[in-house]
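*Asks:* File query_29.cif follows (mmCIF, C-alpha atoms):
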```cif
data_final
loop_
_atom_site.label_atom_id
_atom_site.label_comp_id
_atom_site.auth_asym_id
_atom_site.auth_seq_id
_atom_site.Cartn_x
_atom_site.Cartn_y
_atom_site.Cartn_z
CA MET R 1 -70.83 18.96 -38.02
CA ILE R 2 -73.17 16.42 -39.63
CA ASP R 3 -70.23 14.12 -40.41
CA TYR R 4 -69.23 14.37 -36.75
CA LEU R 5 -72.77 13.46 -35.68
CA LYS R 6 -72.74 10.43 -37.97
CA SER R 7 -69.46 9.18 -36.54
CA GLU R 8 -70.25 9.92 -32.86
CA SER R 9 -73.96 9.07 -32.49
CA ALA R 10 -73.63 5.31 -32.09
CA GLY R 11 -74.38 4.34 -28.50
CA LYS R 12 -74.63 7.93 -27.25
CA THR R 13 -77.62 9.70 -25.73
CA LEU R 14 -78.72 13.16 -26.87
CA LYS R 15 -77.24 14.62 -23.66
CA GLU R 16 -73.89 12.96 -24.37
CA LEU R 17 -73.94 14.24 -27.96
CA GLN R 18 -74.79 17.72 -26.69
CA LYS R 19 -71.72 17.66 -24.46
CA SER R 20 -69.49 16.29 -27.26
CA LEU R 21 -70.66 18.96 -29.74
CA LYS R 22 -70.04 21.70 -27.18
CA LEU R 23 -66.51 20.40 -26.63
CA GLU R 24 -65.73 19.85 -30.32
CA PHE R 25 -67.35 22.92 -31.94
CA ASP R 26 -68.00 25.21 -28.95
CA ILE R 27 -71.67 25.51 -29.91
CA ASP R 28 -74.76 25.34 -27.71
CA LEU R 29 -77.41 23.12 -29.24
CA THR R 30 -80.51 21.87 -27.46
CA THR R 31 -81.26 18.15 -27.41
CA LYS R 32 -84.29 18.95 -29.59
CA GLN R 33 -82.05 20.53 -32.25
CA ILE R 34 -79.70 17.53 -32.18
CA GLU R 35 -82.63 15.12 -32.41
CA SER R 36 -84.02 17.08 -35.37
CA ALA R 37 -80.64 17.02 -37.16
CA LYS R 38 -80.34 13.26 -36.62
CA TYR R 39 -83.86 12.75 -38.00
CA ARG R 40 -83.23 14.91 -41.10
CA HIS R 41 -80.02 13.05 -41.93
CA ASN R 42 -81.31 9.60 -40.91
CA ILE R 43 -78.65 9.17 -38.20
CA LYS R 44 -79.25 6.22 -35.87
CA SER R 45 -77.71 5.76 -32.43
CA TYR R 46 -79.31 2.56 -31.18
CA LYS R 47 -78.31 -1.07 -31.59
CA LYS R 48 -80.56 -4.09 -32.01
CA ARG R 49 -81.30 -6.09 -28.88
CA GLY R 50 -78.68 -8.74 -28.31
CA GLN R 51 -76.36 -7.27 -30.95
CA TYR R 52 -72.95 -5.97 -29.88
CA LYS R 53 -72.14 -2.63 -31.46
CA GLN R 54 -68.41 -1.98 -31.80
CA ILE R 55 -67.75 1.57 -30.68
CA PHE R 56 -63.97 1.49 -30.49
CA ASP R 57 -61.86 1.33 -33.63
CA GLU R 58 -58.91 -1.06 -33.88
CA GLU R 59 -56.37 1.49 -32.64
CA VAL R 60 -58.43 2.31 -29.54
CA GLN R 61 -59.05 -1.37 -28.83
CA ALA R 62 -55.33 -2.10 -29.07
CA PHE R 63 -54.58 0.73 -26.64
CA ILE R 64 -57.11 -0.60 -24.11
CA LEU R 65 -55.79 -4.15 -24.37
CA ARG R 66 -52.22 -2.95 -23.83
CA ASN R 67 -53.01 -0.77 -20.82
CA TYR R 68 -56.08 -2.06 -18.94
CA LYS R 69 -54.24 -4.04 -16.25
CA GLY R 70 -54.17 -2.28 -12.91
CA ILE R 71 -56.14 0.75 -14.18
CA ARG R 72 -59.58 1.83 -13.03
CA LYS R 73 -62.14 2.34 -15.79
CA ILE R 74 -62.53 6.03 -14.99
CA ASP R 75 -58.78 6.44 -15.46
CA MET R 76 -58.89 4.47 -18.71
CA LEU R 77 -61.56 6.86 -20.02
CA ALA R 78 -59.30 9.81 -19.13
CA GLN R 79 -56.37 8.17 -20.94
CA LEU R 80 -58.48 7.50 -24.04
CA LYS R 81 -59.60 11.13 -24.12
CA LYS R 82 -56.01 12.33 -23.80
CA GLU R 83 -54.59 9.84 -26.33
CA PHE R 84 -57.29 9.96 -29.03
CA CYS R 85 -59.18 13.19 -28.26
CA GLN R 86 -62.43 11.22 -28.07
CA GLU R 87 -64.95 11.04 -25.25
CA PHE R 88 -66.41 7.64 -24.46
CA THR R 89 -69.02 6.90 -21.82
CA PRO R 90 -68.54 4.58 -18.83
CA ALA R 91 -71.32 2.38 -20.27
CA GLN R 92 -69.47 2.01 -23.59
CA LEU R 93 -66.24 1.00 -21.85
CA GLU R 94 -68.12 -1.36 -19.51
CA ASN R 95 -69.77 -2.98 -22.54
CA PHE R 96 -66.39 -3.46 -24.23
CA TYR R 97 -64.83 -4.94 -21.06
CA SER R 98 -67.76 -7.31 -20.66
CA HIS R 99 -67.69 -8.38 -24.32
CA ARG R 100 -63.93 -9.09 -24.12
CA ASN R 101 -64.08 -10.55 -20.59
CA ILE R 102 -61.55 -7.95 -19.43
CA VAL R 103 -60.76 -7.73 -15.72
CA SER R 104 -58.43 -4.92 -14.68
CA GLY R 105 -57.48 -6.55 -11.39
CA VAL R 106 -58.03 -3.46 -9.22
CA ASP R 107 -60.76 -2.28 -6.86
CA MET R 108 -62.78 0.19 -8.94
CA ARG R 109 -63.93 2.14 -5.88
CA TYR R 110 -62.06 4.96 -4.20
CA LYS R 111 -61.98 4.64 -0.44
CA SER R 112 -63.23 7.44 1.81
CA GLY R 113 -60.56 10.12 2.07
CA GLU R 114 -58.46 8.59 -0.71
CA GLU R 115 -57.10 11.09 -3.22
CA HIS R 116 -57.57 10.31 -6.89
CA PRO R 117 -54.11 9.62 -8.39
CA ASN R 118 -54.85 12.13 -11.17
CA TYR R 119 -56.09 14.83 -8.77
CA LEU R 120 -54.94 18.35 -9.65
CA LEU R 121 -55.23 21.53 -7.58
CA ILE R 122 -57.44 24.50 -8.50
CA GLY R 123 -55.52 26.66 -10.96
CA SER R 124 -53.75 23.69 -12.51
CA GLU R 125 -53.46 23.62 -16.29
CA ARG R 126 -53.54 20.75 -18.73
CA THR R 127 -53.30 20.43 -22.50
CA ASP R 128 -55.62 18.17 -24.47
CA CYS R 129 -54.76 16.24 -27.62
CA LYS R 130 -55.70 19.26 -29.75
CA LYS R 131 -53.14 21.41 -27.89
CA ARG R 132 -55.90 23.43 -26.22
CA LYS R 133 -55.21 24.71 -22.70
CA TRP R 134 -57.65 23.94 -19.86
CA ILE R 135 -57.64 25.36 -16.32
CA LYS R 136 -59.18 23.83 -13.20
CA VAL R 137 -61.44 26.44 -11.59
CA ILE R 138 -64.20 26.80 -8.99
CA ARG R 139 -67.66 27.65 -10.29
CA ASP R 140 -70.82 27.53 -8.14
CA ASN R 141 -68.76 26.00 -5.32
CA LYS R 142 -67.75 23.08 -7.56
CA SER R 143 -64.47 22.35 -9.33
CA LYS R 144 -64.53 22.05 -13.11
CA TRP R 145 -62.21 22.31 -16.11
CA MET R 146 -62.63 25.35 -18.38
CA LYS R 147 -60.87 26.28 -21.58
CA LYS R 148 -58.16 28.83 -20.85
CA SER R 149 -59.67 31.11 -23.47
CA HIS R 150 -62.93 31.21 -21.48
CA VAL R 151 -61.08 31.95 -18.23
CA VAL R 152 -59.08 34.75 -19.90
CA TRP R 153 -62.25 36.28 -21.36
CA GLU R 154 -64.20 36.10 -18.10
CA GLU R 155 -61.37 37.66 -16.08
CA LYS R 156 -61.66 40.76 -18.29
CA ASN R 157 -65.35 40.83 -19.25
CA GLY R 158 -67.24 38.77 -16.67
CA GLU R 159 -69.10 35.49 -17.05
CA ILE R 160 -70.10 34.46 -20.57
CA PRO R 161 -73.90 34.81 -20.66
CA THR R 162 -76.19 31.96 -21.62
CA GLY R 163 -76.79 31.88 -25.36
CA PHE R 164 -73.32 33.14 -26.28
CA ALA R 165 -70.07 31.41 -27.29
CA LEU R 166 -66.45 32.39 -27.87
CA LYS R 167 -64.81 32.19 -31.28
CA TYR R 168 -61.16 32.53 -32.26
CA LEU R 169 -60.49 35.27 -34.82
CA ASP R 170 -57.51 33.47 -36.34
CA GLY R 171 -59.30 30.12 -36.27
CA ASP R 172 -56.67 28.72 -33.88
CA GLU R 173 -58.18 27.28 -30.68
CA THR R 174 -54.74 27.15 -29.07
CA ASN R 175 -54.40 30.95 -29.28
CA TRP R 176 -56.20 32.01 -26.09
CA LYS R 177 -55.00 35.64 -26.08
CA LEU R 178 -57.77 38.14 -25.38
CA GLU R 179 -57.32 40.04 -28.66
CA ASN R 180 -57.97 36.80 -30.55
CA LEU R 181 -61.34 36.17 -28.89
CA VAL R 182 -64.78 37.37 -29.95
CA LEU R 183 -68.12 36.75 -28.23
CA LEU R 184 -70.97 35.69 -30.51
CA ASP R 185 -74.60 34.90 -29.92
CA VAL R 186 -75.41 31.21 -30.31
CA ASN R 187 -77.23 31.66 -33.65
CA THR R 188 -74.24 33.38 -35.24
CA SER R 189 -71.86 30.85 -33.68
CA ASN R 190 -73.92 27.94 -35.00
CA SER R 191 -74.03 29.43 -38.50
CA LEU R 192 -70.21 29.52 -38.48
CA ALA R 193 -69.87 25.91 -37.29
CA THR R 194 -69.74 24.53 -40.83
CA GLN R 195 -67.36 27.22 -42.12
CA GLN R 196 -63.59 26.95 -42.04
CA LEU R 197 -62.10 30.21 -40.79
CA SER R 198 -58.79 31.29 -42.33
CA THR R 199 -55.63 32.43 -40.54
CA ASP R 200 -56.36 35.98 -41.76
CA ILE R 201 -57.95 37.77 -38.78
CA GLU R 202 -59.36 40.67 -40.82
CA LEU R 203 -60.95 38.29 -43.34
CA ASN R 204 -62.48 36.34 -40.46
CA ARG R 205 -63.94 39.56 -39.03
CA VAL R 206 -65.72 40.05 -42.36
CA ILE R 207 -66.96 36.43 -42.36
CA ILE R 208 -68.29 36.84 -38.81
CA ASN R 209 -70.03 40.14 -39.63
CA VAL R 210 -71.67 38.52 -42.69
CA ALA R 211 -72.90 35.68 -40.46
CA ARG R 212 -74.30 38.23 -37.99
CA LEU R 213 -76.08 40.02 -40.82
CA LYS R 214 -77.61 36.77 -42.11
CA VAL R 215 -78.92 35.93 -38.63
CA LEU R 216 -80.43 39.42 -38.31
CA ILE R 217 -82.08 39.14 -41.74
CA ASN R 218 -83.52 35.73 -40.85
CA LYS R 219 -84.95 37.08 -37.59
CA ARG R 220 -86.62 40.03 -39.32
CA THR R 221 -87.92 37.82 -42.13
CA ASN R 222 -89.46 35.42 -39.62
CA LYS R 223 -91.04 38.31 -37.71
CA ARG R 224 -92.63 39.61 -40.92
CA LYS R 225 -93.97 36.15 -41.72
CA ASP R 226 -95.45 35.84 -38.23
CA TYR R 227 -97.02 39.29 -38.53
CA ALA R 228 -98.48 38.49 -41.95
CA THR R 229 -99.91 35.21 -40.64
CA LYS R 230 -101.55 36.97 -37.71
CA GLU R 231 -103.02 39.59 -40.06
CA GLU R 232 -104.52 36.87 -42.26
CA GLN R 233 -105.96 35.05 -39.25
CA GLY R 234 -107.25 38.29 -37.72
#
```
Could I get this file's structure written as structure tokens?
*Replies:*
Amino acid sequence: MIDYLKSESAGKTLKELQKSLKLEFDIDLTTKQIESAKYRHNIKSYKKRGQYKQIFDEEVQAFILRNYKGIRKIDMLAQLKKEFCQEFTPAQLENFYSHRNIVSGVDMRYKSGEEHPNYLLIGSERTDCKKRKWIKVIRDNKSKWMKKSHVVWEEKNGEIPTGFALKYLDGDETNWKLENLVLLDVNTSNSLATQQLSTDIELNRVIINVARLKVLINKRTNKRKDYATKEEQG
């Protein structure tokens, strides 16, 4: 995860990194935790005033230069995500267009009542570049894309509560079958983020239970320390 932070931090806010980490590792970290990790590992995300920071690698740049004509920026961002499995911000793309003097030649605004050319109905499915299935759903009266694994879980067990995340027992995020899914609290999920699960489901059950035990031990240890501190102060 730290390597991912180092490669993705440039030009991104903590909120943007939080969203990227959730998408990439399916973990829920606060912006404070991300900021702390960046500080510990000396990860910088800013650029000097007046200095252009190149966010896109050569392959991404070549793709943009081949395809920008007649395409709105929001659609270009969607194509980049699909093609390279990377999320870039509108500001990053705008900066690149400005630096290269790129003009797409189309009106960037959608007119009132105009349907987005990539619009999909509720219930539609799509597959991202990692072969993961996503479904368009309605949540809180708003449309959003959810991983199919989350939809499958919630249809059987109800909404995933805050502070919990789904993991895949066989380590395969494309296997969204219910029997392959396990719900973990965020602390256990985060402790597994740096571990590579095997394709052996039973072995992974053991690994997950060990992670749960470690989290429980840490909680009890911290409680004892807090109690001892209070006793000394009292």
*Asks:* I'd like the neighbourhood of Ser191 in chain R as a list in words, where a residue qualifies if any of its atoms comes within 10 Å (using all atoms listed in the file), though same-chain residues fewer than 5 positions away should be ignored.
*Replies:*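 Listed by chain and then number, they are Ile27, Val186, Ile208, Ala211, Arg212, Lys214 and Val215 of chain R.
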*Asks:* Give me the residues near Val137 in chain R as a PyMOL selection string, where near means some atom within 7 Å (using only C-alpha atoms) and where sequence neighbours in that chain fewer than 4 positions away do not count.
*Replies:* chain R and resi 122-123+143-146
*Asks:* Would you work out the distance separating CA of Leu80 in chain R from CA of Lys130 in chain R, expressed in Å to one decimal?
*Replies:*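 Computing the Euclidean distance for CA of Leu80 in chain R and CA of Lys130 in chain R yields 13.4 Å.
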*Asks:* Compute the distance from (-73.5, 23.1, -27.3) to each atom, counting all atoms listed in the file, keep the residues with any atom at most 12 Å away, and return them as a PyMOL selection string; use the coordinates of the file.
*Replies:* chain R and resi 1+14-34+162-166+186-187+189-190+193
*Asks:* Please indicate the distance in Å from CA of Gln86 in chain R to CA of Tyr4 in chain R, rounded to one decimal place.
*Replies:*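 Result for CA of Gln86 in chain R versus CA of Tyr4 in chain R: 11.5 Å, one decimal.
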*Asks:* Report as a PyMOL selection string the residues that result from applying the PyMOL selection byres ((chain R and resi 83) around 12) to the structure here.
*Replies:* chain R and resi 59-60+63-64+76-82+84-87+127-131
*Asks:* Where does the PyMOL selection byres ((chain R and resi 89-97) around 9) land in this file, that is, which residues does it pick, as a list of chain:residue names?
*Replies:*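 Applying the expression gives R:Gly11, R:Lys12, R:Glu16, R:Tyr52, R:Gln54, R:Ile55, R:Phe56, R:Gln61, R:Lys73, R:Ile74, R:Met76, R:Leu77, R:Glu87, R:Phe88, R:Ser98, R:His99, R:Arg100, R:Asn101, R:Ile102, R:Val103.
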*Asks:* Separation of CA of Leu203 in chain R and CA of Pro161 in chain R, in Å?
*Replies:*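 Atom-to-atom, CA of Leu203 in chain R to CA of Pro161 in chain R, that is 26.3 Å.
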*Asks:* Could you pull out every residue with an atom within 12 Å of (-55.8, 30.3, -30.5), file coordinates, counting all atoms listed in the file, and send them as a list in words?
*Replies:*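 Checked against the point, the hits come out as Lys130, Lys131, Arg132, Lys133, Lys147, Lys148, Ser149, His150, Val152, Leu166, Lys167, Tyr168, Leu169, Asp170, Gly171, Asp172, Glu173, Thr174, Asn175, Trp176, Lys177, Leu178, Glu179, Asn180, Leu181, Val182, Thr199 and Ile201 of chain R.
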*Asks:* Using all atoms listed in the file, pick whichever of R:Leu197, R:Ile160, R:Val206, R:Ile217 has the shortest atom-to-atom distance to Leu184 in chain R.
*Replies:*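 Distance minimum relative to Leu184 in chain R lands on R:Ile160.
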*Asks:* Once the PyMOL selection byres ((chain R and resi 124) around 9) is applied to the coordinates I shared, what remains selected? I want it as a VMD selection string.
*Replies:* chain R and resid 120 to 123 125 to 126 134 to 137
